[in-house]
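The block underneath contains the structure these notes are about, expressed in structure tokens.
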Amino acid sequence: MDRFFITGVSSVSLDSVTSGFNIATNISSKTKFNEMIGFTQKELSEVIDETVDFSLLPGITKDQLMLIMEENFAGYSFDKKAKEKLFNSNLCLAYIERLISEGEAPYLNEISINDDAGKLNGMLSLCEDDVREKIVQAMFNKEPIVATLPDKMNLNQTDLFDREQIVSLLYHLGYLTIDPEVTREEGITSFVIPNKVYEKLFLDYCRQAIGYREDFSKDLSSMFEDSADISPLLETITEQIETKLNPQSLGKLTEMALQLICDSIINNSRKRQLSAYTEFNTGKGFADVFVKNTNPKGHYFLLELKYLHKKDDTKSAVESKLAEAREEIERYRQGTILKTTVGEHALDCYAIVYVGSECRVCQKV
């Protein structure tokens with residue numbers, strides 16, 4: 001055999017049970033091969049031109065379709081020098097297939113990625129508890145994870161993965177990707193969640209981790225309408241904390257858990273009129289929850305959530321949390337990304353403090 005080409009999913013070495021496979025060259029991280037592993041924007045545009053007849057899709061344009069895919073399926077880079085982020089070809093083709101067969105834009109949650117929160121939980125269970133906790137916190141906060149990928153991983157010499165090994169596994173399986181900009185600035189390889197599809201998968205994992213059982217079709221129409229009343233959301237958060245968390249999770253409730261519950265309630269609300277985004281990049285920091293409204297005259301919302309356990313419930317502690325939330329909101333308001341996203345919509349900003357399951361303070365800023 002003169003030469004051969006192998007594709008796989010991770011750098012796992014079996015040297016200790018074979019004669020030693022030392023003649024292979026790993027090209028997956030070489031700059032010139034970066035665009036092999038997904039669609040470029042030009043390639044995706046050509047695929048759409050070849051497959052989609054927009055005359056059969058009233059109300060849908062190519063620009064709209066490209067924007068949906070860019071927001072949800074793009075974001076991959078496999079080299080620190082990469083100049084263009086790639087689209088996940090599997091997700092793009094699945095979405096186009098559903099679009100053509102159904103004659104309308106499919107709901108994004110219905111696009112299968114052959115992954116779920118259980119599989120992610122299985123992978124993260126392979127590393128030590130403190131490593132998992134730090135990686136999960138960084139992924140949730142959308143902070144770059146700095147790591148040097150190992151060339152190979154010998155499973156016969158590993159009981160639990162270390163930080164670099166678990167990052168490598170998540171990277172090779174598509175849960176993380178290289179952030180070229182941060183990598184070039186910091187001088188060391190940095191990894192981030194690539195897109196909204198995998199961000200949602202990760203949030204589902206976090207919800208499972210706190211024992212939260214999602215509930216669907218809550219009526220948040222008052223937020224959607226001109227009244228922009230968020231009281232039903234706050235009441236539902238209280239109800240969900242009291243009824244949808246297992247008892248073991250109540251003592252571990254954190255602001256991250258509040259964000260997860262709030263995100264789930266909004267994104268699963270009746271008629272899907274509102275869309276929530278956790279740790280939304282405003283351009284001046286990351287807001288806890290940002291809410292878009294499909295009502296052309298409806299309000300957008302920015303929610304800064306703070307949490308206190310009942311044992312820490314004092315007037316000064318509540319006031320301190322409230323002041324912290326107000327200060328963060330004032331900073332976020334100056335962010336150019338937030339201003340551009342909101343556009344002509346009214347933006348309602350709220351500083352919210354929960355004590356246990358009770359919404360102690362909700363103050364419009």
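Ligands are numbered from 1 in the order shown, chains are lettered A, B, ... in the order of the structure tokens, and residues start at 1 in each chain.
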
Q) If you count only C-alpha atoms, which residues fall within 12 Å of stretch 115-128 of chain A, apart from same-chain ones fewer than 6 positions away, as JSON, numbers by chain? A) {"A": [91, 109, 134, 135, 136, 155, 158, 159, 160, 161, 162, 163, 164, 165, 166, 167, 168, 169, 170, 171, 173, 174, 175, 176, 197, 198, 199, 200, 201, 202, 203, 204, 205, 206, 207, 208, 209]}

(Q) Could you list, as a VMD selection string, every residue within 7 Å of stretch 262-271 of chain A, counting only C-alpha atoms and ignoring same-chain residues fewer than 4 positions away? (A) chain A and resid 214 216 to 220 237 258 275 to 278

Those residues with N, CA and C atoms, as a short mmCIF file (atom, residue, chain, number, x, y, z; two decimals), in the first residue's frame please?
data_model
loop_
_atom_site.label_atom_id
_atom_site.label_comp_id
_atom_site.auth_asym_id
_atom_site.auth_seq_id
_atom_site.Cartn_x
_atom_site.Cartn_y
_atom_site.Cartn_z
N GLU A 214 -37.76 20.73 32.28
CA GLU A 214 -38.36 21.81 31.50
C GLU A 214 -39.88 21.70 31.43
N PHE A 216 -43.33 23.54 29.38
CA PHE A 216 -43.57 24.16 28.09
C PHE A 216 -44.87 24.95 28.07
N SER A 217 -44.94 25.87 27.12
CA SER A 217 -46.17 26.60 26.76
C SER A 217 -46.72 27.46 27.88
N LYS A 218 -45.85 28.13 28.62
CA LYS A 218 -46.34 29.13 29.56
C LYS A 218 -46.78 30.37 28.79
N ASP A 219 -47.80 31.05 29.28
CA ASP A 219 -48.35 32.20 28.59
C ASP A 219 -47.59 33.47 29.00
N LEU A 220 -46.74 33.96 28.09
CA LEU A 220 -46.00 35.20 28.33
C LEU A 220 -46.44 36.28 27.35
N ILE A 237 -40.99 31.83 37.12
CA ILE A 237 -39.67 31.43 37.64
C ILE A 237 -39.81 30.90 39.06
N LEU A 258 -30.66 30.35 37.67
CA LEU A 258 -31.74 31.29 37.38
C LEU A 258 -31.79 31.63 35.90
N SER A 275 -37.71 35.28 22.12
CA SER A 275 -36.48 34.47 22.06
C SER A 275 -35.50 35.00 23.10
N ALA A 276 -35.01 34.10 23.95
CA ALA A 276 -34.08 34.49 25.02
C ALA A 276 -32.67 34.05 24.69
N TYR A 277 -31.70 34.84 25.14
CA TYR A 277 -30.29 34.54 24.93
C TYR A 277 -29.55 34.76 26.25
N THR A 278 -28.94 33.70 26.77
CA THR A 278 -28.17 33.84 28.01
C THR A 278 -26.77 34.35 27.70
#

Q. Any idea what's packed within 12 Å of A:Ser101, counting only C-alpha atoms, ignoring anything in its chain fewer than 4 positions away? Could you give it as number ranges by chain?
A. A: 51-53, 56-57, 94-97, 105-106

(Q) Can you pull out every residue from stretch 146-229 of chain A that DSSP, working from the backbone, puts in helix (DSSP H, G or I), and format the result as a PyMOL selection string? (A) chain A and resi 155-157+163-172+180-186+196-209+221-224

Which residues, written as a PDB file with N, CA, C and O atoms, in the first residue's frame, have at least one atom at most 10 Å from A:Ile178, with only C-alpha atoms counted and residues fewer than 5 positions away on the same chain left out?
ATOM      1  N   GLY A  75     -19.522  29.218  12.517  1.00  0.00           N
ATOM      2  CA  GLY A  75     -18.679  29.465  13.688  1.00  0.00           C
ATOM      3  C   GLY A  75     -17.472  28.582  13.842  1.00  0.00           C
ATOM      4  O   GLY A  75     -16.720  28.713  14.807  1.00  0.00           O
ATOM      5  N   TYR A  76     -17.220  27.647  12.898  1.00  0.00           N
ATOM      6  CA  TYR A  76     -16.119  26.697  13.080  1.00  0.00           C
ATOM      7  C   TYR A  76     -14.804  27.201  12.469  1.00  0.00           C
ATOM      8  O   TYR A  76     -14.779  27.707  11.346  1.00  0.00           O
ATOM      9  N   SER A  77     -13.736  27.051  13.230  1.00  0.00           N
ATOM     10  CA  SER A  77     -12.371  27.294  12.754  1.00  0.00           C
ATOM     11  C   SER A  77     -11.494  26.171  13.288  1.00  0.00           C
ATOM     12  O   SER A  77     -11.623  25.782  14.454  1.00  0.00           O
ATOM     13  N   PHE A  78     -10.604  25.688  12.434  1.00  0.00           N
ATOM     14  CA  PHE A  78      -9.754  24.563  12.830  1.00  0.00           C
ATOM     15  C   PHE A  78      -8.270  24.915  12.781  1.00  0.00           C
ATOM     16  O   PHE A  78      -7.415  24.044  12.825  1.00  0.00           O
ATOM     17  N   ASP A  79      -8.007  26.207  12.714  1.00  0.00           N
ATOM     18  CA  ASP A  79      -6.621  26.671  12.723  1.00  0.00           C
ATOM     19  C   ASP A  79      -6.616  28.112  13.233  1.00  0.00           C
ATOM     20  O   ASP A  79      -7.527  28.890  12.941  1.00  0.00           O
ATOM     21  N   LYS A  80      -5.581  28.453  13.980  1.00  0.00           N
ATOM     22  CA  LYS A  80      -5.518  29.806  14.557  1.00  0.00           C
ATOM     23  C   LYS A  80      -5.327  30.884  13.504  1.00  0.00           C
ATOM     24  O   LYS A  80      -5.558  32.065  13.770  1.00  0.00           O
ATOM     25  N   LYS A  81      -4.903  30.493  12.291  1.00  0.00           N
ATOM     26  CA  LYS A  81      -4.723  31.466  11.214  1.00  0.00           C
ATOM     27  C   LYS A  81      -5.932  31.516  10.275  1.00  0.00           C
ATOM     28  O   LYS A  81      -5.905  32.219   9.270  1.00  0.00           O
ATOM     29  N   ALA A  82      -6.974  30.774  10.594  1.00  0.00           N
ATOM     30  CA  ALA A  82      -8.148  30.712   9.713  1.00  0.00           C
ATOM     31  C   ALA A  82      -8.745  32.102   9.517  1.00  0.00           C
ATOM     32  O   ALA A  82      -8.914  32.861  10.464  1.00  0.00           O
ATOM     33  N   LYS A  85     -14.781  31.609   9.067  1.00  0.00           N
ATOM     34  CA  LYS A  85     -15.422  30.596   9.887  1.00  0.00           C
ATOM     35  C   LYS A  85     -16.355  29.756   9.016  1.00  0.00           C
ATOM     36  O   LYS A  85     -17.037  30.280   8.125  1.00  0.00           O
ATOM     37  N   PRO A 144     -13.352  32.233  26.626  1.00  0.00           N
ATOM     38  CA  PRO A 144     -12.462  31.326  25.895  1.00  0.00           C
ATOM     39  C   PRO A 144     -11.768  30.349  26.845  1.00  0.00           C
ATOM     40  O   PRO A 144     -11.394  30.709  27.964  1.00  0.00           O
ATOM     41  N   ILE A 145     -11.644  29.107  26.408  1.00  0.00           N
ATOM     42  CA  ILE A 145     -10.933  28.089  27.181  1.00  0.00           C
ATOM     43  C   ILE A 145      -9.564  27.910  26.547  1.00  0.00           C
ATOM     44  O   ILE A 145      -9.448  27.475  25.396  1.00  0.00           O
ATOM     45  N   VAL A 146      -8.543  28.270  27.273  1.00  0.00           N
ATOM     46  CA  VAL A 146      -7.179  28.203  26.746  1.00  0.00           C
ATOM     47  C   VAL A 146      -6.607  26.824  27.017  1.00  0.00           C
ATOM     48  O   VAL A 146      -6.642  26.329  28.149  1.00  0.00           O
ATOM     49  N   TYR A 171     -13.420  19.360  21.290  1.00  0.00           N
ATOM     50  CA  TYR A 171     -13.065  20.045  20.042  1.00  0.00           C
ATOM     51  C   TYR A 171     -13.231  19.118  18.840  1.00  0.00           C
ATOM     52  O   TYR A 171     -13.860  19.475  17.840  1.00  0.00           O
ATOM     53  N   THR A 183      -7.138  33.753  19.874  1.00  0.00           N
ATOM     54  CA  THR A 183      -5.882  33.003  19.817  1.00  0.00           C
ATOM     55  C   THR A 183      -4.741  33.881  19.330  1.00  0.00           C
ATOM     56  O   THR A 183      -3.629  33.845  19.877  1.00  0.00           O
ATOM     57  N   THR A 189      -3.719  28.925  21.966  1.00  0.00           N
ATOM     58  CA  THR A 189      -4.969  28.469  21.371  1.00  0.00           C
ATOM     59  C   THR A 189      -6.132  28.577  22.354  1.00  0.00           C
ATOM     60  O   THR A 189      -6.057  28.084  23.482  1.00  0.00           O
ATOM     61  N   SER A 190      -7.213  29.221  21.896  1.00  0.00           N
ATOM     62  CA  SER A 190      -8.411  29.417  22.717  1.00  0.00           C
ATOM     63  C   SER A 190      -9.601  28.768  22.029  1.00  0.00           C
ATOM     64  O   SER A 190      -9.734  28.831  20.804  1.00  0.00           O
ATOM     65  N   PHE A 191     -10.474  28.166  22.837  1.00  0.00           N
ATOM     66  CA  PHE A 191     -11.618  27.418  22.305  1.00  0.00           C
ATOM     67  C   PHE A 191     -12.919  28.012  22.824  1.00  0.00           C
ATOM     68  O   PHE A 191     -13.015  28.450  23.979  1.00  0.00           O
ATOM     69  N   VAL A 192     -13.955  28.007  21.966  1.00  0.00           N
ATOM     70  CA  VAL A 192     -15.278  28.520  22.323  1.00  0.00           C
ATOM     71  C   VAL A 192     -16.348  27.601  21.731  1.00  0.00           C
ATOM     72  O   VAL A 192     -16.073  26.798  20.843  1.00  0.00           O
ATOM     73  N   ILE A 193     -17.589  27.738  22.216  1.00  0.00           N
ATOM     74  CA  ILE A 193     -18.717  27.036  21.603  1.00  0.00           C
ATOM     75  C   ILE A 193     -18.952  27.656  20.225  1.00  0.00           C
ATOM     76  O   ILE A 193     -19.005  28.883  20.103  1.00  0.00           O
ATOM     77  N   PRO A 194     -19.104  26.858  19.171  1.00  0.00           N
ATOM     78  CA  PRO A 194     -19.128  27.408  17.812  1.00  0.00           C
ATOM     79  C   PRO A 194     -20.378  28.175  17.435  1.00  0.00           C
ATOM     80  O   PRO A 194     -20.289  29.175  16.713  1.00  0.00           O
TER      81      PRO A 194
END

Q. With distances taken over only C-alpha atoms, which of A:Lys83, A:Arg333, A:Arg3, A:Lys339 is nearest to A:Thr31?
A. A:Lys83

Pull the closest atom pair for each residue of stretch 119-225 of chain A that gets at most 10 Å from stretch 299-317 of chain A, along with the distance in Å to one decimal, counting only C-alpha atoms, ordering rows by chain and then ascending residue number, as JSON lines.
{"residue": "A:Met223", "atom": "CA", "partner": "A:His299", "partner_atom": "CA", "distance": 7.6}
{"residue": "A:Phe224", "atom": "CA", "partner": "A:His299", "partner_atom": "CA", "distance": 7.3}
{"residue": "A:Glu225", "atom": "CA", "partner": "A:His299", "partner_atom": "CA", "distance": 8.0}

Restricting the output to N, CA, C and O atoms, write the selected residues as a PDB file, in the first residue's frame.
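Written file, part01.pdb:
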ATOM      1  N   MET A 223     -45.672  40.021  27.799  1.00  0.00           N
ATOM      2  CA  MET A 223     -44.362  40.546  27.412  1.00  0.00           C
ATOM      3  C   MET A 223     -44.335  40.854  25.921  1.00  0.00           C
ATOM      4  O   MET A 223     -43.711  41.824  25.475  1.00  0.00           O
ATOM      5  N   PHE A 224     -45.000  40.018  25.148  1.00  0.00           N
ATOM      6  CA  PHE A 224     -45.022  40.177  23.695  1.00  0.00           C
ATOM      7  C   PHE A 224     -45.821  41.413  23.285  1.00  0.00           C
ATOM      8  O   PHE A 224     -45.463  42.123  22.351  1.00  0.00           O
ATOM      9  N   GLU A 225     -46.885  41.693  24.004  1.00  0.00           N
ATOM     10  CA  GLU A 225     -47.782  42.796  23.646  1.00  0.00           C
ATOM     11  C   GLU A 225     -47.219  44.139  24.101  1.00  0.00           C
ATOM     12  O   GLU A 225     -46.170  44.214  24.748  1.00  0.00           O
TER      13      GLU A 225
END

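Going from atom CA of A:Phe286 over to atom CA of A:Ser112, you cover 28.6 Å.
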